[in-house]
Each structure stands twice: as C-alpha cells, then as structure tokens.
$ cat data-v2.txt   # compact mmCIF, C-alpha atoms
# COMPACT_ATOMS: atom_id res chain seq x y z
CA MET A 1 0.00 0.00 0.00
CA SER A 2 1.23 3.51 -0.78
CA GLN A 3 1.91 5.30 2.45
CA PRO A 4 2.10 8.93 3.41
CA ALA A 5 5.51 10.36 2.93
CA SER A 6 6.16 10.51 6.63
CA ASN A 7 6.02 6.75 6.85
CA HIS A 8 8.99 6.51 4.55
CA GLU A 9 11.26 8.93 6.35
CA SER A 10 12.30 6.82 9.34
CA ARG A 11 15.99 6.16 9.68
CA THR A 12 17.50 2.76 9.04
CA SER A 13 19.48 0.67 11.51
CA LEU A 14 21.96 -2.12 10.97
CA ALA A 15 19.31 -4.49 12.37
CA ASP A 16 17.04 -3.40 9.53
CA TYR A 17 19.68 -4.47 7.01
CA ARG A 18 19.89 -7.84 8.75
CA THR A 19 16.10 -8.22 8.67
CA ALA A 20 15.90 -7.38 4.97
CA LEU A 21 18.79 -9.55 3.84
CA THR A 22 17.75 -12.59 5.89
CA THR A 23 14.12 -12.59 4.75
CA ARG A 24 13.64 -16.20 3.67
CA ALA A 25 11.49 -15.52 0.61
CA ALA A 26 14.01 -12.98 -0.72
CA ARG A 27 17.04 -15.28 -0.82
CA ARG A 28 16.56 -16.90 -4.22
CA PRO A 29 15.43 -13.77 -6.11
CA ALA A 30 18.19 -11.73 -4.42
CA VAL A 31 20.91 -14.10 -5.65
CA ALA A 32 19.34 -14.26 -9.11
CA SER A 33 19.13 -10.47 -9.18
CA VAL A 34 22.87 -10.23 -8.50
CA LEU A 35 23.59 -12.47 -11.51
CA ALA A 36 21.26 -10.43 -13.72
CA ARG A 37 22.53 -7.01 -12.67
CA LEU A 38 26.27 -7.67 -12.31
CA PRO A 39 26.90 -7.32 -16.07
CA ILE A 40 24.78 -4.15 -16.51
CA ALA A 41 27.82 -1.86 -16.74
CA MET A 42 29.91 -4.60 -18.32
CA ILE A 43 27.67 -5.22 -21.36
CA GLY A 44 27.65 -1.66 -22.67
CA ILE A 45 31.41 -1.17 -22.39
CA SER A 46 32.12 -4.66 -23.76
CA ALA A 47 29.95 -3.90 -26.79
CA LEU A 48 31.66 -0.54 -27.29
CA LEU A 49 35.15 -2.08 -27.17
CA TYR A 50 34.13 -5.06 -29.31
CA VAL A 51 32.62 -2.89 -32.05
CA GLN A 52 35.64 -0.56 -32.01
CA ARG A 53 38.02 -3.51 -32.24
CA GLU A 54 36.19 -5.01 -35.23
CA THR A 55 35.39 -1.78 -37.12
CA GLY A 56 38.40 0.30 -36.10
CA SER A 57 36.08 3.22 -35.44
CA PHE A 58 35.15 4.82 -32.12
CA ALA A 59 32.49 6.81 -33.97
CA VAL A 60 30.67 3.66 -35.04
CA ALA A 61 31.12 2.14 -31.59
CA GLY A 62 29.68 5.30 -30.01
CA LEU A 63 26.62 5.18 -32.27
CA VAL A 64 25.97 1.55 -31.34
CA SER A 65 26.34 2.44 -27.65
CA ALA A 66 23.92 5.35 -28.05
CA GLY A 67 21.41 3.07 -29.77
CA SER A 68 21.64 0.67 -26.85
CA LEU A 69 20.98 3.50 -24.36
CA VAL A 70 17.88 4.53 -26.28
CA GLY A 71 16.69 0.93 -26.23
CA VAL A 72 17.23 0.65 -22.47
CA SER A 73 15.33 3.92 -21.89
CA VAL A 74 12.30 2.68 -23.78
CA GLY A 75 12.52 -0.88 -22.50
CA ALA A 76 12.61 0.17 -18.85
CA VAL A 77 9.18 1.80 -19.05
CA VAL A 78 7.56 -0.75 -21.37
CA GLN A 79 8.76 -3.72 -19.33
CA GLY A 80 7.80 -2.01 -16.08
CA ARG A 81 4.26 -1.48 -17.29
CA LEU A 82 4.02 -5.11 -18.46
CA ILE A 83 5.36 -6.35 -15.11
CA ASP A 84 2.73 -4.32 -13.26
CA ARG A 85 -0.01 -5.64 -15.54
CA PHE A 86 0.92 -9.33 -15.75
CA GLY A 87 3.42 -9.91 -12.93
CA PRO A 88 7.16 -10.31 -13.60
CA THR A 89 7.46 -13.94 -14.68
CA ARG A 90 6.07 -13.87 -18.22
CA PRO A 91 7.52 -10.49 -19.28
CA LEU A 92 10.99 -11.35 -17.97
CA LEU A 93 11.04 -14.76 -19.63
CA VAL A 94 9.96 -13.28 -22.96
CA VAL A 95 12.49 -10.43 -22.95
CA SER A 96 15.25 -12.84 -21.86
CA LEU A 97 14.58 -14.89 -24.96
CA LEU A 98 14.53 -11.73 -27.08
CA LEU A 99 17.83 -10.68 -25.51
CA ALA A 100 19.47 -13.95 -26.55
CA LEU A 101 18.14 -13.59 -30.10
CA SER A 102 19.09 -9.92 -30.48
CA MET A 103 22.55 -10.48 -29.06
CA THR A 104 23.14 -13.39 -31.44
CA ALA A 105 22.09 -11.15 -34.31
CA LEU A 106 24.33 -8.31 -33.10
CA VAL A 107 27.41 -10.53 -32.77
CA THR A 108 26.76 -12.00 -36.22
CA ALA A 109 26.43 -8.51 -37.69
CA ILE A 110 29.64 -7.31 -36.01
CA GLU A 111 31.60 -10.33 -37.21
CA SER A 112 30.29 -9.91 -40.76
CA HIS A 113 31.07 -6.16 -40.75
CA ALA A 114 27.48 -5.16 -41.45
CA ALA A 115 26.49 -1.57 -42.22
CA THR A 116 26.55 0.93 -39.37
CA ALA A 117 22.78 1.40 -39.53
CA VAL A 118 22.29 -2.33 -38.99
CA LEU A 119 24.65 -2.36 -36.00
CA VAL A 120 22.90 0.64 -34.43
CA ALA A 121 19.47 -0.93 -34.92
CA LEU A 122 20.60 -4.22 -33.38
CA GLY A 123 22.24 -2.30 -30.52
CA ALA A 124 18.91 -0.60 -29.85
CA ALA A 125 17.11 -3.96 -29.98
CA THR A 126 19.58 -5.38 -27.49
CA GLY A 127 19.04 -2.49 -25.09
CA LEU A 128 15.27 -2.77 -25.48
CA SER A 129 15.37 -6.46 -24.56
CA GLU A 130 17.65 -6.20 -21.52
CA PRO A 131 15.53 -7.72 -18.70
CA MET A 132 14.62 -5.05 -16.15
CA VAL A 133 15.33 -7.27 -13.17
CA GLY A 134 16.42 -4.22 -11.16
CA SER A 135 12.96 -2.63 -11.39
CA ALA A 136 11.24 -5.90 -10.51
CA SER A 137 13.65 -6.55 -7.65
CA ARG A 138 13.05 -3.13 -6.10
CA ALA A 139 9.30 -3.52 -6.47
CA LEU A 140 9.45 -7.01 -4.94
CA TRP A 141 10.70 -5.60 -1.63
CA THR A 142 7.42 -3.70 -1.25
CA ARG A 143 5.66 -7.07 -1.26
CA LEU A 144 8.10 -8.79 1.06
CA LEU A 145 8.57 -6.15 3.74
CA PRO A 146 6.21 -3.71 5.47
CA PRO A 147 6.85 0.04 5.24
CA GLY A 148 9.59 1.21 7.57
CA GLY A 149 13.25 0.69 8.34
CA ALA A 150 13.69 -2.81 6.90
CA ARG A 151 12.15 -1.85 3.57
CA ASN A 152 14.29 1.31 3.45
CA ALA A 153 17.35 -0.86 4.17
CA ALA A 154 16.39 -3.11 1.25
CA PHE A 155 16.21 -0.08 -1.05
CA SER A 156 19.59 1.08 0.24
CA TYR A 157 21.01 -2.40 -0.45
CA GLU A 158 19.70 -2.21 -4.02
CA ALA A 159 21.40 1.17 -4.57
CA ILE A 160 24.68 0.09 -2.96
CA SER A 161 24.82 -3.18 -4.90
CA MET A 162 24.34 -1.28 -8.16
CA GLU A 163 27.30 0.94 -7.30
CA VAL A 164 29.41 -2.18 -6.69
CA PHE A 165 28.38 -3.55 -10.08
CA PHE A 166 29.35 -0.28 -11.74
CA ILE A 167 32.76 -0.54 -10.09
CA LEU A 168 33.34 -4.14 -11.20
CA GLY A 169 31.70 -4.04 -14.63
CA PRO A 170 34.09 -1.72 -16.50
CA GLY A 171 37.13 -3.52 -15.09
CA LEU A 172 35.83 -6.91 -16.19
CA ALA A 173 35.02 -5.54 -19.63
CA GLY A 174 38.53 -4.12 -19.98
CA LEU A 175 40.10 -7.45 -19.05
CA LEU A 176 37.88 -9.60 -21.26
CA VAL A 177 38.34 -7.46 -24.37
CA MET A 178 41.97 -8.63 -24.28
CA ALA A 179 40.84 -12.26 -24.65
CA PRO A 180 41.61 -14.04 -27.94
CA TRP A 181 38.10 -13.11 -29.11
CA ALA A 182 37.07 -9.50 -28.42
CA GLY A 183 33.39 -10.45 -28.07
CA THR A 184 34.04 -12.63 -25.01
CA GLY A 185 32.96 -9.97 -22.50
CA LEU A 186 29.76 -9.20 -24.38
CA VAL A 187 28.68 -12.84 -24.65
CA LEU A 188 29.62 -13.63 -21.04
CA GLY A 189 27.73 -10.58 -19.80
CA VAL A 190 24.59 -11.51 -21.71
CA ALA A 191 24.84 -15.11 -20.51
CA LEU A 192 24.95 -13.93 -16.89
CA GLN A 193 22.08 -11.53 -17.43
CA PHE A 194 19.97 -14.18 -19.19
CA THR A 195 20.62 -16.76 -16.46
CA GLY A 196 19.91 -14.33 -13.63
CA ALA A 197 16.71 -13.03 -15.21
CA VAL A 198 15.33 -16.54 -15.81
CA LEU A 199 16.17 -17.67 -12.27
CA PHE A 200 14.59 -14.53 -10.85
CA ALA A 201 11.44 -14.94 -12.96
CA LEU A 202 11.05 -18.59 -11.89
CA SER A 203 11.57 -17.92 -8.16
CA PRO A 204 8.46 -19.10 -6.25
CA VAL A 205 7.84 -15.72 -4.63
CA VAL A 206 8.10 -13.99 -8.01
CA GLN A 207 5.77 -16.48 -9.66
CA ALA A 208 3.27 -15.81 -6.86
CA TRP A 209 3.32 -12.12 -7.81
CA GLY A 210 0.19 -11.71 -9.89
CA PRO A 211 -1.12 -8.73 -11.85
CA ALA A 212 -1.49 -5.50 -9.91
CA THR A 213 -4.95 -4.39 -8.91
CA GLY A 214 -6.21 -0.86 -8.97
CA SER A 215 -3.92 0.29 -11.80
CA PRO A 216 -4.78 3.79 -13.00
CA GLY A 217 -6.53 4.04 -16.34
CA SER A 218 -4.44 7.00 -17.54
CA LEU A 219 -2.18 6.43 -20.51
CA LEU A 220 0.50 8.25 -18.51
CA GLY A 221 0.64 5.32 -16.11
CA ALA A 222 3.00 6.11 -13.25
CA LEU A 223 3.54 9.65 -14.58
CA ALA A 224 -0.12 10.43 -13.90
CA SER A 225 1.09 11.40 -10.43
CA PRO A 226 2.55 14.94 -10.22
CA GLY A 227 4.96 13.67 -7.59
CA MET A 228 6.29 11.03 -10.00
CA ARG A 229 6.94 13.75 -12.57
CA THR A 230 8.87 15.71 -9.96
CA LEU A 231 10.84 12.58 -9.05
CA ALA A 232 11.64 12.09 -12.75
CA VAL A 233 13.11 15.62 -12.87
CA ALA A 234 15.30 14.79 -9.84
CA ALA A 235 16.46 11.55 -11.49
CA LEU A 236 17.14 13.42 -14.74
CA GLY A 237 19.33 15.93 -12.88
CA PHE A 238 21.19 13.09 -11.18
CA GLY A 239 21.94 11.55 -14.58
CA VAL A 240 22.94 14.86 -16.17
CA VAL A 241 25.57 15.59 -13.51
CA ILE A 242 27.05 12.09 -13.74
CA GLY A 243 27.04 12.24 -17.54
CA PHE A 244 29.07 15.47 -17.52
CA VAL A 245 31.61 14.00 -15.12
CA GLU A 246 31.98 10.69 -16.98
CA VAL A 247 33.30 12.60 -19.99
CA ALA A 248 35.23 15.34 -18.19
CA VAL A 249 37.23 13.04 -15.88
CA PRO A 250 38.81 10.91 -18.66
CA ALA A 251 39.43 14.14 -20.55
CA ALA A 252 41.27 15.57 -17.54
CA ALA A 253 43.35 12.40 -17.28
CA THR A 254 44.21 12.59 -20.98
CA GLU A 255 45.12 16.26 -20.67
CA ALA A 256 47.48 15.33 -17.84
CA GLY A 257 49.14 12.67 -20.00
CA GLN A 258 47.67 9.79 -17.97
CA ALA A 259 44.76 8.64 -20.13
CA SER A 260 44.89 5.11 -18.72
CA VAL A 261 43.85 6.25 -15.20
CA GLY A 262 40.61 7.89 -16.32
CA GLY A 263 38.57 4.79 -15.50
CA LEU A 264 40.23 4.42 -12.11
CA LEU A 265 39.33 8.00 -11.24
CA LEU A 266 35.69 7.32 -12.05
CA SER A 267 35.78 4.29 -9.77
CA ALA A 268 36.90 6.52 -6.91
CA TRP A 269 33.55 8.14 -6.43
CA SER A 270 31.77 4.81 -6.60
CA LEU A 271 33.90 3.63 -3.69
CA SER A 272 32.92 6.57 -1.48
CA SER A 273 29.32 6.21 -2.66
CA VAL A 274 29.14 2.66 -1.34
CA ALA A 275 30.82 3.55 1.96
CA PHE A 276 28.76 6.64 2.65
CA GLY A 277 25.51 5.09 1.40
CA VAL A 278 25.24 2.79 4.41
CA ALA A 279 26.16 5.55 6.88
CA TYR A 280 23.64 7.96 5.36
CA SER A 281 20.82 5.42 5.55
CA LEU A 282 21.33 5.20 9.32
CA ARG A 283 20.53 8.90 9.70
CA PRO A 284 19.00 10.33 6.50
CA TRP A 285 18.61 14.08 6.16
CA PRO A 286 16.43 16.02 5.49
CA ARG A 287 13.76 13.85 7.07
CA GLN A 288 11.06 14.91 4.59
CA LEU A 289 11.46 13.26 1.21
CA GLY A 290 10.05 16.30 -0.56
CA LEU A 291 13.05 18.27 0.71
CA ARG A 292 15.54 15.43 0.61
CA LEU A 293 15.49 15.11 -3.18
CA PRO A 294 16.39 18.74 -4.03
CA VAL A 295 18.86 19.01 -1.14
CA LEU A 296 20.77 15.89 -2.19
CA LEU A 297 20.79 16.87 -5.88
CA GLY A 298 21.82 20.45 -5.10
CA GLY A 299 24.54 19.25 -2.74
CA PHE A 300 25.79 16.82 -5.37
CA GLY A 301 25.97 19.62 -7.93
CA ALA A 302 27.81 21.89 -5.51
CA LEU A 303 30.38 19.20 -4.66
CA VAL A 304 31.02 18.49 -8.35
CA ALA A 305 32.10 22.12 -8.76
CA LEU A 306 35.08 21.26 -6.53
CA LEU A 307 36.39 18.94 -9.26
CA ALA A 308 37.40 22.02 -11.26
CA TRP A 309 39.75 23.16 -8.49
CA PRO A 310 42.61 20.56 -8.27
CA SER A 311 45.66 21.00 -10.47
CA SER A 312 46.73 17.35 -10.20
CA LEU A 313 45.08 13.98 -10.73
CA TRP A 314 45.67 13.10 -7.08
CA GLY A 315 43.70 16.17 -6.08
CA LEU A 316 40.98 15.28 -8.56
CA ALA A 317 40.76 11.78 -7.06
CA LEU A 318 40.25 13.24 -3.58
CA MET A 319 37.51 15.54 -4.82
CA MET A 320 35.90 12.58 -6.62
CA LEU A 321 35.79 10.70 -3.32
CA LEU A 322 34.08 13.68 -1.70
CA ALA A 323 31.52 14.25 -4.46
CA GLY A 324 30.74 10.54 -4.76
CA ALA A 325 29.43 10.42 -1.20
CA LEU A 326 26.03 11.70 -2.39
CA ILE A 327 25.46 9.18 -5.21
CA THR A 328 23.97 6.25 -3.28
CA PRO A 329 21.87 8.47 -0.97
CA GLN A 330 20.16 9.87 -4.07
CA SER A 331 19.53 6.42 -5.56
CA THR A 332 18.06 5.26 -2.26
CA ALA A 333 15.90 8.38 -1.98
CA HIS A 334 14.56 7.77 -5.49
CA SER A 335 13.51 4.22 -4.54
CA THR A 336 11.94 5.35 -1.28
CA ALA A 337 10.14 8.22 -2.97
CA ILE A 338 8.40 5.92 -5.44
CA GLU A 339 6.44 4.35 -2.60
CA ALA A 340 5.09 7.73 -1.59
CA VAL A 341 4.10 9.14 -4.98
CA ALA A 342 3.62 6.32 -7.53
CA PRO A 343 -0.03 5.59 -8.35
CA ALA A 344 -1.44 2.27 -7.20
CA GLY A 345 -0.31 -0.72 -9.21
CA THR A 346 2.57 1.03 -11.01
CA ALA A 347 5.60 0.21 -8.85
CA ALA A 348 7.66 -1.55 -11.53
CA GLU A 349 6.79 1.04 -14.18
CA ALA A 350 7.67 3.83 -11.75
CA PHE A 351 11.13 2.33 -11.23
CA GLY A 352 11.38 2.09 -15.01
CA TRP A 353 10.65 5.81 -15.37
CA VAL A 354 13.38 6.64 -12.85
CA LEU A 355 15.86 4.50 -14.81
CA THR A 356 14.76 6.14 -18.06
CA ALA A 357 15.16 9.63 -16.60
CA VAL A 358 18.65 8.82 -15.32
CA THR A 359 19.63 7.27 -18.68
CA LEU A 360 18.38 10.27 -20.67
CA GLY A 361 20.21 12.55 -18.25
CA LEU A 362 23.40 10.57 -18.78
CA ALA A 363 23.06 10.87 -22.54
CA ALA A 364 22.38 14.62 -22.37
CA GLY A 365 25.22 15.26 -19.92
CA GLN A 366 27.72 13.24 -21.91
CA SER A 367 26.87 14.92 -25.21
CA VAL A 368 27.05 18.47 -23.83
CA SER A 369 30.12 17.70 -21.76
CA GLY A 370 31.99 16.50 -24.84
CA TYR A 371 31.35 19.82 -26.55
CA VAL A 372 32.38 21.84 -23.47
CA VAL A 373 35.54 19.79 -22.95
CA GLU A 374 36.66 20.34 -26.54
CA HIS A 375 36.00 24.09 -26.49
CA ALA A 376 36.76 25.09 -22.90
CA GLY A 377 38.44 22.17 -21.14
CA PRO A 378 37.49 19.70 -18.38
CA GLY A 379 37.32 22.36 -15.67
CA ALA A 380 34.57 24.20 -17.52
CA ALA A 381 32.67 20.93 -17.92
CA PHE A 382 32.80 20.31 -14.16
CA LEU A 383 31.42 23.80 -13.51
CA ALA A 384 28.70 23.28 -16.14
CA ALA A 385 27.76 19.98 -14.45
CA SER A 386 27.51 21.78 -11.13
CA ALA A 387 25.34 24.54 -12.57
CA ALA A 388 23.02 22.01 -14.25
CA GLY A 389 22.63 20.05 -11.02
CA VAL A 390 21.89 23.13 -8.93
CA VAL A 391 19.37 24.51 -11.44
CA LEU A 392 17.49 21.21 -11.68
CA ALA A 393 17.59 20.90 -7.88
CA LEU A 394 15.98 24.35 -7.67
CA ILE A 395 13.23 23.19 -10.04
CA VAL A 396 12.61 20.12 -7.87
CA TRP A 397 12.46 22.36 -4.80
CA LEU A 398 9.90 24.62 -6.48
CA LEU A 399 7.82 21.53 -7.31
CA ARG A 400 8.06 20.09 -3.80
CA GLY A 401 4.36 20.78 -3.26
CA THR A 402 3.55 18.01 -5.75
CA PHE A 403 5.36 15.53 -3.58
CA ARG A 404 2.42 14.05 -1.74
CA PRO A 405 1.07 10.49 -1.57
CA ALA A 406 -0.71 9.14 -4.62
CA ARG A 407 -4.00 7.32 -4.15
CA PRO A 408 -3.45 4.17 -2.03
CA ALA A 409 -3.30 0.72 -3.49
CA PRO A 410 -5.39 -2.13 -2.15
CA THR A 411 -3.60 -4.07 0.57
CA ALA A 412 -1.59 -6.94 -0.90
CA PRO A 413 -1.14 -10.23 0.97
CA SER A 414 2.13 -10.30 2.88
CA LEU A 415 4.80 -12.55 1.39
CA ILE A 416 7.36 -11.99 4.12
CA ASN A 417 7.25 -15.60 5.31
CA ALA A 418 6.56 -17.17 1.94
$ encode --input "data-v2.txt" --output "structure tokens"
Amino acid sequence: MSQPASNHESRTSLADYRTALTTRAARRPAVASVLARLPIAMIGISALLYVQRETGSFAVAGLVSAGSLVGVSVGAVVQGRLIDRFGPTRPLLVVSLLLALSMTALVTAIESHAATAVLVALGAATGLSEPMVGSASRALWTRLLPPGGARNAAFSYEAISMEVFFILGPGLAGLLVMAPWAGTGLVLGVALQFTGAVLFALSPVVQAWGPATGSPGSLLGALASPGMRTLAVAALGFGVVIGFVEVAVPAAATEAGQASVGGLLLSAWSLSSVAFGVAYSLRPWPRQLGLRLPVLLGGFGALVALLAWPSSLWGLALMMLLAGALITPQSTAHSTAIEAVAPAGTAAEAFGWVLTAVTLGLAAGQSVSGYVVEHAGPGAAFLAASAAGVVLALIVWLLRGTFRPARPAPTAPSLINA
C-alpha cells in the first residue's frame, strides 16, 4: 500500500539491514538479481570495445552504444508497465529470450562487418530487450517487507549493490576485451544476465506475484502522479551531472598525460558512494522526502564544482571521493520516494521511469560535456555539471508541493514468510 511520505522517512538501523537480507522468501530472487545485474555496466562497455576492435572506429562504436541506451530507456518503461499488468514472470522470460536472439544477431552482424545502420538498430534492440530485473527486484521488496526501516534498508542495499556492479563491470570488460576473441565480455555478460533473469522470474515468490490491482486508467501510467513527474526531474538531474563527469574526468586524465587512469578515477567516487551510502541510511537528512530530493541533488551539484579546483590527478581523485558520497543516498531516496508518490499498481513502471530519466540525463550530460571539454576544457565541464545540477535541484524544490502520496493501493497479501 502507498503510504504517506512521513512513513517513509524513518531512519534505518543495521538491524534493519539484517532483517531485509535474511528474509527467507528474498534469498533466491536476491541471488538471481545479483547475476542479472552484475553485467549491466559490463555489457555496454564490452559492446563498445568489441565494435571498435572489429570496425576500427570509435564513432561507429559510439553510435551503437547510443542506440543501446535509447533501447534501455524505452525498454525500462515498457517492461515495467508489463510487469505491473501481468506480474514479472512472463515479461521477464519473454524479454530474456529476445535478448538472446538480439545479441546473437548483433554478434553475427559485427563479425560480418554489417552496415553501421544495422549495428545501431541491433544495438537498440539489445538495449530494449535487456531484462529489467532491477525494477522488478526493487518492487518485490514492497511485497516482502512492510513500510519502515527494513524496507528502506532493502532499497539502500539495491542502490549500494548497483554501485558495486558499476565498479566491477568496467574492469571486467577491460580485461575480457583482451581475450583471444574480443566479443568474449559481451557474450559472457549476456549469458549472466539471461541466467539471472530466468532464475529470478522462476523464483516461487516472483511467480506468486500476480497482476497489480487498482492500476490507474491513464495512458500516462505512473507519470499520472505529479509527484512522480517531480521525481523524474530529480532523477534526470542526477543523470545529467554524472554524464558530464563521466566525460570530463577521462578528458582531464588525458590532458594530464595519464589517459589510462581515467577509468580508475571514475571508480573513486563509486567507492565513497558505497561507503557513505550505508552511513547515510542510518541517519537520513532532510527527514522529509520532498526536501531530501532537491537538497541531495543540489549538494551533489555543488560538490562536483570542486572537481574544477585541483591541479593534479591526485587532487581530482580526492575531490571525486568527496563528491561521490552523495550518489547512493540519491539512488536510495529515489527508490523510497516511489512508494510515496507512484499511483497504485505502477511500482515496476515507476522504477522504469526513474531509470529512463537517469539514462536520458546521462546521454544529455555526456553529449554536452563532450562539446564543453573540446571548447573550454574539463574544468569548464565540471562547472557546467555543477550549474546544471543546482538549477534542476531548484526546479525540484519549487515543485516540492507536488510531492504528496498518490492514491493508495489495495492491501496486498504479505509474502514476508513465503
């Protein structure tokens, strides 16, 4: 049931983490979810490196990567709506099969040096068919745990685990592209994602998850709620800031003559994000979610401005550690906020909209950052990222009045001891 915002603002304790992670019914889907989500960051980079290796062109590889991002953005919402309507099992099994087929077609096209348009189209199809296990996993916690500290801890676990995957994924992709066959990382990543999605979909507690009741009739679905639209703006700002930084940091490393450490620098803020994410969940601030979203986004933007200050890569690494502290708290706040503002019966779709907003923000930030870096340097890109984050945080703050509970959903049977 959707709860008033105040019910979602309680702090989380370490005991809450223990309660969430030892819930019997969650064990199998949680392990399956790890398998499905581990290669999320690995697949995109593996595809980029594989295409570049076979075509000799970063431009073509970038277009294929962009096509995949567009596919993921659309697929997140479509799959979320299908999961809400039919339950997760059938949609996830179908898209897993489509993922295997589209990936086979993409690899065949790469190996046969097909036209760029064909590669981009197949890249988009692959992104569209990536199983949205993350959205289903987050929504599952609302069925397994009652509102309060344990459920908030579960959302925090989801955000922290994603940060860990984004630390490990690029490194694995970089290692596997050096294998005798450059497509090894791509195929391995898809195999893990396929296996994890199927195991998750066939978990007893997931199969018991039937169609949602009380779904709104609006074509807007989850976005029928003004609060969801405000949350989407916050998620967009989060993605924009990260997108700027993901281009500007490697550019700064290249400018310093140390291009190879660009990826390591980006990992730095993921490390602090994981560490601080747990600490923040124990005492979240501000207490009101309607204020928490703009404060965290604005603070993130302000801290990113500090990245323009250091004159050395060591200094940049330290500033990255500082700025990264607010990544996981934002991801957790997004998950918690969905409970308060998503219309009844749209939990999975709502998570899909948040993912779509972040992905579109990433694409926008990366594209603008590339232009700024080329014409004014990495420092200017960091300042532009900061300004974008602060402006979007101000918009979220002005819209804070929309952040009120959506109409409640009918009470679902508890699955906590299933």
$ residues_around --input "data-v2.txt" --residues "A:Ile395" --least-positions-apart "6" --cutoff "12 Å" --atoms "all atoms listed in the file" --output "PyMOL selection string"
chain A and resi 229-234+236-237+291+293-295+297-298+388-389+401-402
$ axis_aligned_box --input "data-v2.txt" --around "stretch 205-208 of chain A" --padding-each-side "3 Å" --output "lines of an AutoDock Vina configuration file"
center_x = 5.7
center_y = -15.2
center_z = -7.1
size_x = 10.8
size_y = 8.5
size_z = 11.0
$ closest_residue --input "data-v2.txt" --among "A:Ala124, A:Ala302, A:Gly377, A:Ser335" --to "A:Ala252" --atoms "only C-alpha atoms"
A:Gly377
$ closest_residue --input "data-v2.txt" --among "A:Leu128, A:Leu322, A:Leu186, A:Ala251" --to "A:Ala380" --atoms "all atoms listed in the file"
A:Ala251
$ atom_distance --input "data-v2.txt" --atom1 "atom CA of A:Val118" --atom2 "atom CA of A:Arg90"
28.8 Å
$ closest_residue --input "data-v2.txt" --among "A:Glu54, A:Glu246, A:Asp16, A:Glu158" --to "A:Trp141" --atoms "all atoms listed in the file"
A:Glu158
